[in-house]
$ cat model_0.pdb   # PDB, C-alpha atoms and all ligand atoms
MODEL        1
ATOM      1  CA  MET A   1       0.000   0.000   0.000
ATOM      2  CA  ASN A   2       1.250   3.494  -0.574
ATOM      3  CA  LEU A   3       2.400   5.779   2.226
ATOM      4  CA  LEU A   4      -0.777   7.814   2.328
ATOM      5  CA  LYS A   5      -3.019   4.772   2.418
ATOM      6  CA  LYS A   6      -0.748   3.229   5.022
ATOM      7  CA  SER A   7      -0.812   6.183   7.388
ATOM      8  CA  ILE A   8      -4.618   6.278   7.204
ATOM      9  CA  PHE A   9      -4.646   2.572   7.977
ATOM     10  CA  ILE A  10      -2.247   2.883  10.919
ATOM     11  CA  CYS A  11      -4.166   5.891  12.155
ATOM     12  CA  SER A  12      -7.536   4.161  12.100
ATOM     13  CA  GLY A  13      -5.943   1.258  13.988
ATOM     14  CA  LEU A  14      -4.730   3.683  16.646
ATOM     15  CA  LEU A  15      -8.155   5.300  16.890
ATOM     16  CA  ILE A  16      -9.604   2.018  18.064
ATOM     17  CA  LEU A  17      -6.877   1.870  20.695
ATOM     18  CA  GLY A  18      -7.751   5.308  21.940
ATOM     19  CA  GLY A  19      -6.553   8.060  19.652
ATOM     20  CA  CYS A  20      -4.275   9.085  16.867
ATOM     21  CA  GLY A  21      -1.072  10.924  17.748
ATOM     22  CA  GLU A  22       0.220  14.147  16.257
ATOM     23  CA  SER A  23       2.429  12.227  13.802
ATOM     24  CA  GLU A  24      -0.758  11.938  11.716
ATOM     25  CA  ASP A  25       0.270  14.373   8.986
ATOM     26  CA  SER A  26       4.056  14.179   9.159
ATOM     27  CA  GLY A  27       4.198  12.114   5.939
ATOM     28  CA  ALA A  28       6.936   9.463   5.894
ATOM     29  CA  SER A  29       7.787   9.425   9.569
ATOM     30  CA  GLU A  30      10.869   7.524  10.716
ATOM     31  CA  GLU A  31       8.875   4.613  12.103
ATOM     32  CA  GLU A  32       7.104   3.854   8.871
ATOM     33  CA  THR A  33       8.248   0.968   6.751
ATOM     34  CA  LEU A  34       8.547   1.538   3.041
ATOM     35  CA  SER A  35       7.536  -1.521   1.045
ATOM     36  CA  VAL A  36       9.464  -2.104  -2.149
ATOM     37  CA  VAL A  37       9.039  -4.805  -4.798
ATOM     38  CA  THR A  38      11.836  -5.635  -7.241
ATOM     39  CA  THR A  39      11.964  -8.051 -10.140
ATOM     40  CA  THR A  40      15.540  -9.428 -10.362
ATOM     41  CA  SER A  41      17.718 -10.265  -7.381
ATOM     42  CA  GLN A  42      20.426  -7.877  -8.613
ATOM     43  CA  ILE A  43      17.993  -4.999  -8.153
ATOM     44  CA  ARG A  44      16.756  -6.408  -4.841
ATOM     45  CA  ASP A  45      20.353  -6.286  -3.580
ATOM     46  CA  ILE A  46      20.653  -2.561  -4.374
ATOM     47  CA  ALA A  47      17.231  -1.797  -2.855
ATOM     48  CA  GLU A  48      18.067  -3.641   0.375
ATOM     49  CA  HIS A  49      21.312  -1.709   0.802
ATOM     50  CA  ILE A  50      20.019   1.717  -0.095
ATOM     51  CA  GLY A  51      16.650   1.250   1.603
ATOM     52  CA  GLY A  52      18.232   0.476   4.968
ATOM     53  CA  SER A  53      16.359  -0.754   8.009
ATOM     54  CA  GLN A  54      13.125   1.148   7.299
ATOM     55  CA  THR A  55      12.561  -0.659   4.049
ATOM     56  CA  GLU A  56      11.021  -4.029   3.395
ATOM     57  CA  VAL A  57      12.123  -5.390   0.037
ATOM     58  CA  LYS A  58      10.366  -8.234  -1.725
ATOM     59  CA  GLY A  59      12.319  -9.768  -4.613
ATOM     60  CA  MET A  60       9.975 -11.341  -7.133
ATOM     61  CA  MET A  61      12.511 -13.528  -8.950
ATOM     62  CA  GLY A  62      14.527 -15.872  -6.753
ATOM     63  CA  PRO A  63      17.536 -18.124  -7.462
ATOM     64  CA  GLY A  64      17.443 -19.897 -10.813
ATOM     65  CA  VAL A  65      14.517 -17.846 -12.111
ATOM     66  CA  ASP A  66      14.757 -16.648 -15.711
ATOM     67  CA  PRO A  67      13.483 -13.067 -16.103
ATOM     68  CA  HIS A  68      13.075 -13.350 -19.905
ATOM     69  CA  LEU A  69      10.386 -15.998 -19.451
ATOM     70  CA  TYR A  70       8.913 -14.962 -16.107
ATOM     71  CA  GLU A  71       5.125 -14.807 -15.999
ATOM     72  CA  PRO A  72       3.860 -12.716 -13.063
ATOM     73  CA  SER A  73       1.330 -14.455 -10.823
ATOM     74  CA  GLN A  74      -1.820 -12.875  -9.447
ATOM     75  CA  GLN A  75       0.001 -12.436  -6.109
ATOM     76  CA  ASP A  76       2.870 -10.663  -7.878
ATOM     77  CA  VAL A  77       0.491  -8.189  -9.457
ATOM     78  CA  GLN A  78      -1.154  -7.622  -6.111
ATOM     79  CA  ALA A  79       2.233  -7.064  -4.419
ATOM     80  CA  LEU A  80       3.203  -4.570  -7.132
ATOM     81  CA  THR A  81      -0.086  -2.721  -6.723
ATOM     82  CA  GLU A  82       0.161  -2.524  -2.929
ATOM     83  CA  ALA A  83       3.858  -1.572  -2.706
ATOM     84  CA  ASP A  84       5.142   1.958  -2.103
ATOM     85  CA  LEU A  85       7.752   1.563  -4.829
ATOM     86  CA  ASN A  86       8.472  -0.901  -7.654
ATOM     87  CA  LEU A  87      11.900  -1.325  -9.231
ATOM     88  CA  TYR A  88      12.558  -3.326 -12.373
ATOM     89  CA  ASN A  89      15.319  -3.610 -14.953
ATOM     90  CA  GLY A  90      13.473  -2.603 -18.113
ATOM     91  CA  LEU A  91      15.229  -2.684 -21.511
ATOM     92  CA  SER A  92      12.735  -5.511 -22.195
ATOM     93  CA  LEU A  93      14.483  -7.904 -19.790
ATOM     94  CA  GLU A  94      11.208  -8.771 -18.078
ATOM     95  CA  GLY A  95       9.678  -9.643 -21.444
ATOM     96  CA  ASN A  96       6.252 -10.697 -20.205
ATOM     97  CA  MET A  97       5.822  -7.905 -17.688
ATOM     98  CA  GLY A  98       5.793  -4.694 -19.738
ATOM     99  CA  ASP A  99       2.000  -4.334 -19.591
ATOM    100  CA  VAL A 100       1.923  -5.140 -15.898
ATOM    101  CA  PHE A 101       4.147  -2.186 -15.044
ATOM    102  CA  GLU A 102       2.153   0.089 -17.319
ATOM    103  CA  ASN A 103      -0.997  -0.906 -15.449
ATOM    104  CA  VAL A 104       0.323  -0.613 -11.889
ATOM    105  CA  GLU A 105       2.163   2.661 -12.521
ATOM    106  CA  ASN A 106      -0.943   4.644 -11.568
ATOM    107  CA  GLU A 107      -1.083   2.902  -8.189
ATOM    108  CA  THR A 108       2.607   2.605  -7.362
ATOM    109  CA  PRO A 109       5.590   4.621  -8.626
ATOM    110  CA  SER A 110       7.520   2.160 -10.808
ATOM    111  CA  PHE A 111      11.033   2.701 -12.168
ATOM    112  CA  ALA A 112      12.978   0.830 -14.864
ATOM    113  CA  VAL A 113      16.409   1.345 -13.302
ATOM    114  CA  GLY A 114      18.420  -0.352 -16.080
ATOM    115  CA  GLU A 115      17.089   2.289 -18.455
ATOM    116  CA  ASN A 116      19.048   4.938 -16.563
ATOM    117  CA  VAL A 117      22.244   3.724 -18.264
ATOM    118  CA  PRO A 118      22.993   6.352 -20.956
ATOM    119  CA  LYS A 119      21.920   5.208 -24.416
ATOM    120  CA  ASP A 120      25.421   5.547 -25.858
ATOM    121  CA  MET A 121      26.708   3.037 -23.279
ATOM    122  CA  LEU A 122      24.172   0.380 -24.287
ATOM    123  CA  ILE A 123      25.039  -2.481 -26.623
ATOM    124  CA  SER A 124      22.603  -3.435 -29.376
ATOM    125  CA  GLY A 125      20.576  -6.547 -28.643
ATOM    126  CA  GLY A 126      20.191  -7.768 -32.215
ATOM    127  CA  GLU A 127      16.802  -8.535 -33.751
ATOM    128  CA  ASP A 128      14.739  -9.089 -30.635
ATOM    129  CA  TYR A 129      16.053  -6.409 -28.315
ATOM    130  CA  PRO A 130      16.774  -2.772 -29.220
ATOM    131  CA  HIS A 131      19.362  -2.874 -26.417
ATOM    132  CA  ASP A 132      21.000  -5.724 -24.536
ATOM    133  CA  PRO A 133      19.317  -5.644 -21.091
ATOM    134  CA  HIS A 134      22.105  -7.424 -19.103
ATOM    135  CA  VAL A 135      23.661  -4.169 -17.860
ATOM    136  CA  TRP A 136      24.484  -5.439 -14.333
ATOM    137  CA  PHE A 137      27.630  -7.271 -15.463
ATOM    138  CA  ASP A 138      29.598  -4.077 -15.899
ATOM    139  CA  PRO A 139      29.848  -2.305 -12.543
ATOM    140  CA  ASP A 140      30.453   1.039 -14.322
ATOM    141  CA  ARG A 141      27.163   0.779 -16.163
ATOM    142  CA  TRP A 142      25.357  -0.738 -13.189
ATOM    143  CA  ALA A 143      26.289   2.367 -11.186
ATOM    144  CA  TYR A 144      23.638   4.229 -13.207
ATOM    145  CA  ALA A 145      21.025   1.745 -12.014
ATOM    146  CA  VAL A 146      22.191   2.288  -8.432
ATOM    147  CA  GLU A 147      21.714   6.031  -8.891
ATOM    148  CA  ALA A 148      18.245   5.406 -10.322
ATOM    149  CA  VAL A 149      17.315   3.327  -7.261
ATOM    150  CA  ARG A 150      18.624   6.085  -4.965
ATOM    151  CA  ASP A 151      16.609   8.735  -6.817
ATOM    152  CA  ALA A 152      13.487   6.554  -6.758
ATOM    153  CA  PHE A 153      13.717   6.195  -2.972
ATOM    154  CA  ILE A 154      14.177   9.940  -2.602
ATOM    155  CA  GLU A 155      11.205  10.610  -4.858
ATOM    156  CA  VAL A 156       8.810   8.520  -2.758
ATOM    157  CA  ASP A 157      10.348   9.301   0.648
ATOM    158  CA  GLU A 158      12.176  12.611   0.551
ATOM    159  CA  ALA A 159      12.218  12.957   4.334
ATOM    160  CA  ASN A 160      14.860  10.242   4.538
ATOM    161  CA  SER A 161      16.929  11.324   1.539
ATOM    162  CA  GLU A 162      20.146  11.760   3.518
ATOM    163  CA  GLY A 163      20.259   8.082   4.469
ATOM    164  CA  TYR A 164      19.494   6.983   0.927
ATOM    165  CA  GLU A 165      22.287   9.171  -0.412
ATOM    166  CA  GLU A 166      24.844   7.890   2.098
ATOM    167  CA  ARG A 167      24.061   4.235   1.522
ATOM    168  CA  ALA A 168      24.038   4.699  -2.262
ATOM    169  CA  GLN A 169      27.514   6.213  -1.975
ATOM    170  CA  GLU A 170      28.697   3.114  -0.080
ATOM    171  CA  TYR A 171      27.221   0.839  -2.706
ATOM    172  CA  LEU A 172      28.866   2.772  -5.524
ATOM    173  CA  GLY A 173      32.189   2.449  -3.693
ATOM    174  CA  LYS A 174      31.713  -1.302  -3.570
ATOM    175  CA  LEU A 175      31.068  -1.396  -7.323
ATOM    176  CA  ASP A 176      34.380   0.434  -7.853
ATOM    177  CA  GLU A 177      36.202  -2.178  -5.777
ATOM    178  CA  LEU A 178      34.608  -5.013  -7.734
ATOM    179  CA  ASP A 179      35.607  -3.364 -10.995
ATOM    180  CA  SER A 180      39.256  -3.140  -9.882
ATOM    181  CA  TYR A 181      39.163  -6.753  -8.681
ATOM    182  CA  ALA A 182      37.864  -7.952 -12.050
ATOM    183  CA  GLU A 183      40.448  -5.955 -13.987
ATOM    184  CA  GLU A 184      43.278  -7.377 -11.900
ATOM    185  CA  GLN A 185      42.079 -10.976 -12.040
ATOM    186  CA  ILE A 186      41.433 -11.050 -15.800
ATOM    187  CA  GLN A 187      45.150 -10.312 -16.317
ATOM    188  CA  ASN A 188      45.807 -13.910 -15.196
ATOM    189  CA  ILE A 189      44.125 -15.273 -18.351
ATOM    190  CA  PRO A 190      46.387 -15.485 -21.431
ATOM    191  CA  GLU A 191      45.121 -12.975 -24.011
ATOM    192  CA  GLU A 192      44.200 -15.572 -26.671
ATOM    193  CA  SER A 193      42.062 -17.477 -24.149
ATOM    194  CA  ARG A 194      39.955 -14.516 -23.129
ATOM    195  CA  VAL A 195      36.752 -16.004 -24.519
ATOM    196  CA  ILE A 196      33.635 -16.811 -22.497
ATOM    197  CA  VAL A 197      31.306 -19.377 -24.068
ATOM    198  CA  THR A 198      27.932 -19.631 -22.318
ATOM    199  CA  ALA A 199      24.375 -20.810 -22.938
ATOM    200  CA  HIS A 200      22.910 -17.386 -23.700
ATOM    201  CA  ASP A 201      24.324 -13.932 -24.415
ATOM    202  CA  ALA A 202      24.251 -12.469 -20.923
ATOM    203  CA  PHE A 203      27.873 -11.357 -20.723
ATOM    204  CA  SER A 204      28.324  -8.811 -23.514
ATOM    205  CA  TYR A 205      28.724  -5.899 -21.087
ATOM    206  CA  PHE A 206      31.119  -7.945 -19.008
ATOM    207  CA  GLY A 207      33.119  -8.743 -22.135
ATOM    208  CA  ASP A 208      33.095  -5.118 -23.214
ATOM    209  CA  ALA A 209      34.241  -3.915 -19.792
ATOM    210  CA  TYR A 210      37.107  -6.405 -19.451
ATOM    211  CA  ASP A 211      38.090  -6.964 -23.036
ATOM    212  CA  MET A 212      36.882 -10.548 -23.284
ATOM    213  CA  GLU A 213      35.194 -12.096 -26.293
ATOM    214  CA  VAL A 214      31.760 -13.494 -25.470
ATOM    215  CA  LYS A 215      29.838 -16.187 -27.328
ATOM    216  CA  GLY A 216      26.355 -17.310 -26.352
ATOM    217  CA  LEU A 217      24.567 -20.256 -27.894
ATOM    218  CA  GLN A 218      21.090 -18.854 -27.609
ATOM    219  CA  GLY A 219      21.409 -15.151 -28.211
ATOM    220  CA  ILE A 220      20.102 -12.494 -25.862
ATOM    221  CA  SER A 221      16.946 -14.222 -24.710
ATOM    222  CA  THR A 222      16.550 -17.771 -23.519
ATOM    223  CA  ASP A 223      13.225 -18.063 -25.327
ATOM    224  CA  ALA A 224      14.940 -18.643 -28.686
ATOM    225  CA  GLU A 225      15.658 -22.266 -29.506
ATOM    226  CA  PHE A 226      19.261 -23.016 -30.358
ATOM    227  CA  GLY A 227      19.922 -24.882 -33.590
ATOM    228  CA  VAL A 228      22.534 -27.295 -34.887
ATOM    229  CA  GLY A 229      24.116 -24.365 -36.745
ATOM    230  CA  ASP A 230      24.675 -22.472 -33.501
ATOM    231  CA  VAL A 231      26.285 -25.497 -31.888
ATOM    232  CA  ASN A 232      28.586 -26.033 -34.889
ATOM    233  CA  ASN A 233      29.661 -22.381 -34.927
ATOM    234  CA  ILE A 234      30.666 -22.520 -31.294
ATOM    235  CA  VAL A 235      32.392 -25.890 -31.761
ATOM    236  CA  ASP A 236      34.378 -24.381 -34.682
ATOM    237  CA  LEU A 237      35.439 -21.463 -32.530
ATOM    238  CA  MET A 238      36.514 -23.674 -29.649
ATOM    239  CA  VAL A 239      38.521 -26.011 -31.875
ATOM    240  CA  GLU A 240      40.172 -23.174 -33.831
ATOM    241  CA  ARG A 241      41.120 -21.173 -30.764
ATOM    242  CA  SER A 242      41.865 -24.213 -28.547
ATOM    243  CA  ILE A 243      39.450 -22.984 -25.897
ATOM    244  CA  GLY A 244      39.247 -25.635 -23.232
ATOM    245  CA  ALA A 245      36.345 -24.477 -21.097
ATOM    246  CA  LEU A 246      32.812 -23.192 -21.355
ATOM    247  CA  PHE A 247      30.280 -22.250 -18.744
ATOM    248  CA  VAL A 248      26.795 -23.186 -17.664
ATOM    249  CA  GLU A 249      24.398 -20.671 -16.163
ATOM    250  CA  SER A 250      22.279 -21.016 -13.072
ATOM    251  CA  SER A 251      19.093 -19.899 -14.829
ATOM    252  CA  VAL A 252      19.492 -21.745 -18.155
ATOM    253  CA  SER A 253      19.274 -25.476 -18.926
ATOM    254  CA  GLU A 254      22.593 -27.276 -19.506
ATOM    255  CA  GLN A 255      21.371 -29.082 -22.589
ATOM    256  CA  SER A 256      22.755 -26.625 -25.148
ATOM    257  CA  ILE A 257      26.164 -26.496 -23.505
ATOM    258  CA  ASN A 258      26.360 -30.307 -23.376
ATOM    259  CA  SER A 259      25.799 -30.417 -27.154
ATOM    260  CA  VAL A 260      28.883 -28.238 -27.618
ATOM    261  CA  VAL A 261      31.029 -30.387 -25.321
ATOM    262  CA  GLU A 262      30.032 -33.499 -27.297
ATOM    263  CA  GLY A 263      30.557 -31.781 -30.658
ATOM    264  CA  ALA A 264      34.033 -30.616 -29.704
ATOM    265  CA  GLU A 265      34.994 -34.054 -28.347
ATOM    266  CA  GLU A 266      34.013 -35.596 -31.704
ATOM    267  CA  ARG A 267      36.563 -33.320 -33.327
ATOM    268  CA  GLY A 268      39.278 -34.147 -30.846
ATOM    269  CA  GLN A 269      39.059 -30.968 -28.747
ATOM    270  CA  HIS A 270      38.590 -31.675 -25.069
ATOM    271  CA  VAL A 271      36.285 -29.121 -23.515
ATOM    272  CA  GLU A 272      35.509 -28.900 -19.823
ATOM    273  CA  ILE A 273      32.510 -27.289 -18.238
ATOM    274  CA  GLY A 274      34.348 -24.539 -16.393
ATOM    275  CA  GLY A 275      31.673 -24.168 -13.769
ATOM    276  CA  GLU A 276      28.395 -22.403 -13.249
ATOM    277  CA  LEU A 277      28.116 -18.669 -13.761
ATOM    278  CA  TYR A 278      25.343 -16.608 -12.304
ATOM    279  CA  SER A 279      23.802 -14.714 -15.174
ATOM    280  CA  ASP A 280      20.226 -13.520 -14.864
ATOM    281  CA  ALA A 281      19.629 -14.825 -11.328
ATOM    282  CA  MET A 282      21.846 -14.829  -8.252
ATOM    283  CA  GLY A 283      22.472 -17.551  -5.638
ATOM    284  CA  GLU A 284      20.364 -18.627  -2.645
ATOM    285  CA  ALA A 285      19.543 -15.959  -0.068
ATOM    286  CA  GLY A 286      21.883 -16.170   2.913
ATOM    287  CA  THR A 287      24.806 -17.435   0.828
ATOM    288  CA  GLU A 288      27.718 -15.413  -0.489
ATOM    289  CA  GLU A 289      26.424 -15.775  -4.072
ATOM    290  CA  GLY A 290      23.021 -14.513  -2.975
ATOM    291  CA  THR A 291      24.503 -10.983  -2.966
ATOM    292  CA  TYR A 292      25.571  -8.928  -5.963
ATOM    293  CA  GLU A 293      29.135  -8.710  -4.673
ATOM    294  CA  GLY A 294      29.386 -12.452  -3.960
ATOM    295  CA  MET A 295      27.846 -13.355  -7.305
ATOM    296  CA  PHE A 296      30.202 -11.054  -9.207
ATOM    297  CA  ARG A 297      33.280 -12.401  -7.424
ATOM    298  CA  HIS A 298      32.110 -15.974  -7.970
ATOM    299  CA  ASN A 299      31.828 -15.333 -11.709
ATOM    300  CA  ILE A 300      35.259 -13.704 -11.941
ATOM    301  CA  ASP A 301      36.940 -16.464  -9.920
ATOM    302  CA  THR A 302      35.195 -19.213 -11.922
ATOM    303  CA  ILE A 303      36.128 -17.671 -15.271
ATOM    304  CA  VAL A 304      39.739 -16.970 -14.298
ATOM    305  CA  SER A 305      40.437 -20.368 -12.727
ATOM    306  CA  SER A 306      39.006 -22.200 -15.772
ATOM    307  CA  LEU A 307      40.815 -20.184 -18.454
ATOM    308  CA  GLU A 308      44.155 -19.216 -16.877
TER     309      GLU A 308
HETATM  310 ZN    ZN A 401      19.415 -13.067 -19.997
ENDMDL
END

$ encode --input "model_0.pdb" --output "structure tokens"
Amino acid sequence: MNLLKKSIFICSGLLILGGCGESEDSGASEEETLSVVTTTSQIRDIAEHIGGSQTEVKGMMGPGVDPHLYEPSQQDVQALTEADLNLYNGLSLEGNMGDVFENVENETPSFAVGENVPKDMLISGGEDYPHDPHVWFDPDRWAYAVEAVRDAFIEVDEANSEGYEERAQEYLGKLDELDSYAEEQIQNIPEESRVIVTAHDAFSYFGDAYDMEVKGLQGISTDAEFGVGDVNNIVDLMVERSIGALFVESSVSEQSINSVVEGAEERGQHVEIGGELYSDAMGEAGTEEGTYEGMFRHNIDTIVSSLE
């Protein structure tokens, strides 16, 4: 429910108990909880940090959930309608949810935070996507999403803007550290082996940021079927460049990647599955990989140890 509705609700509750205090028209008082709904876990992570202790964040898409294919349930729509603030990626990542956000926008301020990345920093997404939506894999670009989350909080709850600004600053500092870590670690991979082969094209921004070539079997979205031609192209690349590892993703089936491993073996090139990368979803809540920082470090460490 929005702040106004909520304060009326709290107030009527207090009336029954014997009166409503003078905090009645103070707007977003410090005791009030702001309820926020996010789509992806990467955005949930930002909202939890910036929102601080007065914010309750509900992440719609948990571990292993694929945002390209996600169909919102009736409960999701209700949560979005009742929240004080909705945050989503946009850039058509949540492919089946565009209409939903258009409809709930009148009830709840809703922000597509990935769309705050300047247009000239976006990579084309080919036929299906005007822009590649996977902006969170370059911390420099993702910083724009962090700023959009900060500004969204301030817009709906200006009284607490100082806290939002401070915590956003901390988060941006962490992104800087992660960026330096990635740059350092990638140096351990011989230049000719700086190729990431994955199930779908989620790592173009990562590749652009750290000068790695990226090949996905399925293109930008997981809803496209991969064909024999795609498998053969990747097998060719792996044999020609002697690339010995490719990666599976937590939110995509392993079937396509297994076809490549088999194809390469038939041509005498041994290919290992270098491990699981978190692409569109993060790890389990309460684990290291359930945070943006932990997920990012996991990916870097997995890529470097498989290709160095
Ligand atoms: Zn994706």

$ residues_near_ligand --input "model_0.pdb" --ligand "ligand ZN 401 (chain A)" --cutoff "9 Å" --atoms "all atoms listed in the file" --output "ChimeraX atom specification"
/A:66-68,93,132-134,200-203,219-222,251-252,279-281

$ closest_residue --input "model_0.pdb" --among "A:Thr40, A:Asp99, A:Gln78, A:Leu172" --to "A:Gly114" --atoms "only C-alpha atoms"
A:Thr40

$ residues_around --input "model_0.pdb" --residues "A:Glu308" --least-positions-apart "5" --cutoff "10 Å" --atoms "all atoms listed in the file" --output "VMD selection string"
chain A and resid 185 to 191 193 to 194 303

$ resolve_selection --input "model_0.pdb" --expression "the PyMOL selection byres (((chain A and resi 79-91) around 6) and not hetatm)" --output "ChimeraX atom specification"
/A:1-2,35-39,76-78,92-93,104,107-114,133

$ resolve_selection --input "model_0.pdb" --expression "the PyMOL selection byres (((chain A and resi 178) around 12) and not hetatm)" --output "PyMOL selection string"
chain A and resi 137-140+142-143+171-177+179-185+292-301

$ closest_residue --input "model_0.pdb" --among "A:Asp236, A:Met212, A:Gly244, A:Ile257" --to "A:Thr198" --atoms "all atoms listed in the file"
A:Ile257

$ resolve_selection --input "model_0.pdb" --expression "the PyMOL selection byres (((chain A and resi 283) around 10) and not hetatm)" --output "count of residues only"
20

$ atom_distance --input "model_0.pdb" --atom1 "atom CA of A:Arg150" --atom2 "atom CA of A:Trp136"
16.0 Å

$ atom_distance --input "model_0.pdb" --atom1 "atom CA of A:Asn116" --atom2 "atom CA of A:Val149"
9.6 Å

$ closest_residue --input "model_0.pdb" --among "A:Val304, A:Tyr70, A:Gln255, A:Thr55" --to "A:Glu32" --atoms "all atoms listed in the file"
A:Thr55

$ closest_residue --input "model_0.pdb" --among "A:Ile154, A:Ala47, A:Val100, A:Val260" --to "A:Val248" --atoms "only C-alpha atoms"
A:Val260

$ atom_distance --input "model_0.pdb" --atom1 "atom CA of A:Tyr144" --atom2 "atom CA of A:Ile196"
25.1 Å

$ closest_residue --input "model_0.pdb" --among "A:Arg167, A:Arg44, A:His270, A:Lys119" --to "A:Leu246" --atoms "all atoms listed in the file"
A:His270

$ closest_residue --input "model_0.pdb" --among "A:Gly216, A:Pro130, A:Gly59, A:Pro118" --to "A:Val197" --atoms "all atoms listed in the file"
A:Gly216

$ decode --input "model_0.pdb" --residues "stretch 41-47 of chain A" --atoms "all heavy atoms" --output "PDB file, in the first residue's frame"
ATOM      1  N   SER A  41      17.021 -10.302  -8.670  1.00  0.00           N
ATOM      2  CA  SER A  41      17.718 -10.265  -7.381  1.00  0.00           C
ATOM      3  C   SER A  41      18.846  -9.232  -7.377  1.00  0.00           C
ATOM      4  O   SER A  41      19.213  -8.714  -6.331  1.00  0.00           O
ATOM      5  CB  SER A  41      18.235 -11.656  -7.018  1.00  0.00           C
ATOM      6  OG  SER A  41      18.680 -12.353  -8.149  1.00  0.00           O
ATOM      7  N   GLN A  42      19.383  -8.918  -8.563  1.00  0.00           N
ATOM      8  CA  GLN A  42      20.426  -7.877  -8.613  1.00  0.00           C
ATOM      9  C   GLN A  42      19.855  -6.530  -8.164  1.00  0.00           C
ATOM     10  O   GLN A  42      20.526  -5.763  -7.482  1.00  0.00           O
ATOM     11  CB  GLN A  42      20.979  -7.745 -10.046  1.00  0.00           C
ATOM     12  CG  GLN A  42      21.841  -8.908 -10.501  1.00  0.00           C
ATOM     13  CD  GLN A  42      21.028 -10.065 -11.064  1.00  0.00           C
ATOM     14  OE1 GLN A  42      19.802 -10.071 -11.039  1.00  0.00           O
ATOM     15  NE2 GLN A  42      21.712 -11.070 -11.586  1.00  0.00           N
ATOM     16  N   ILE A  43      18.624  -6.264  -8.562  1.00  0.00           N
ATOM     17  CA  ILE A  43      17.993  -4.999  -8.153  1.00  0.00           C
ATOM     18  C   ILE A  43      17.572  -5.067  -6.686  1.00  0.00           C
ATOM     19  O   ILE A  43      17.701  -4.097  -5.946  1.00  0.00           O
ATOM     20  CB  ILE A  43      16.791  -4.671  -9.066  1.00  0.00           C
ATOM     21  CG1 ILE A  43      17.268  -4.525 -10.516  1.00  0.00           C
ATOM     22  CG2 ILE A  43      16.092  -3.384  -8.611  1.00  0.00           C
ATOM     23  CD1 ILE A  43      16.149  -4.389 -11.529  1.00  0.00           C
ATOM     24  N   ARG A  44      17.130  -6.244  -6.254  1.00  0.00           N
ATOM     25  CA  ARG A  44      16.756  -6.408  -4.841  1.00  0.00           C
ATOM     26  C   ARG A  44      17.949  -6.067  -3.943  1.00  0.00           C
ATOM     27  O   ARG A  44      17.825  -5.400  -2.921  1.00  0.00           O
ATOM     28  CB  ARG A  44      16.308  -7.851  -4.571  1.00  0.00           C
ATOM     29  CG  ARG A  44      15.684  -8.039  -3.188  1.00  0.00           C
ATOM     30  CD  ARG A  44      15.723  -9.484  -2.738  1.00  0.00           C
ATOM     31  NE  ARG A  44      17.099  -9.917  -2.545  1.00  0.00           N
ATOM     32  CZ  ARG A  44      17.586 -11.097  -2.847  1.00  0.00           C
ATOM     33  NH1 ARG A  44      16.817 -12.021  -3.373  1.00  0.00           N
ATOM     34  NH2 ARG A  44      18.855 -11.394  -2.649  1.00  0.00           N
ATOM     35  N   ASP A  45      19.141  -6.531  -4.362  1.00  0.00           N
ATOM     36  CA  ASP A  45      20.353  -6.286  -3.580  1.00  0.00           C
ATOM     37  C   ASP A  45      20.602  -4.780  -3.395  1.00  0.00           C
ATOM     38  O   ASP A  45      20.906  -4.322  -2.298  1.00  0.00           O
ATOM     39  CB  ASP A  45      21.548  -6.942  -4.288  1.00  0.00           C
ATOM     40  CG  ASP A  45      22.789  -7.006  -3.402  1.00  0.00           C
ATOM     41  OD1 ASP A  45      22.813  -7.857  -2.492  1.00  0.00           O
ATOM     42  OD2 ASP A  45      23.717  -6.199  -3.608  1.00  0.00           O
ATOM     43  N   ILE A  46      20.459  -4.020  -4.472  1.00  0.00           N
ATOM     44  CA  ILE A  46      20.653  -2.561  -4.374  1.00  0.00           C
ATOM     45  C   ILE A  46      19.597  -1.973  -3.439  1.00  0.00           C
ATOM     46  O   ILE A  46      19.911  -1.168  -2.554  1.00  0.00           O
ATOM     47  CB  ILE A  46      20.495  -1.859  -5.752  1.00  0.00           C
ATOM     48  CG1 ILE A  46      21.408  -2.455  -6.809  1.00  0.00           C
ATOM     49  CG2 ILE A  46      20.767  -0.360  -5.610  1.00  0.00           C
ATOM     50  CD1 ILE A  46      21.175  -1.844  -8.206  1.00  0.00           C
ATOM     51  N   ALA A  47      18.334  -2.380  -3.634  1.00  0.00           N
ATOM     52  CA  ALA A  47      17.231  -1.797  -2.855  1.00  0.00           C
ATOM     53  C   ALA A  47      17.407  -2.089  -1.364  1.00  0.00           C
ATOM     54  O   ALA A  47      17.158  -1.225  -0.520  1.00  0.00           O
ATOM     55  CB  ALA A  47      15.895  -2.325  -3.355  1.00  0.00           C
TER      56      ALA A  47
END
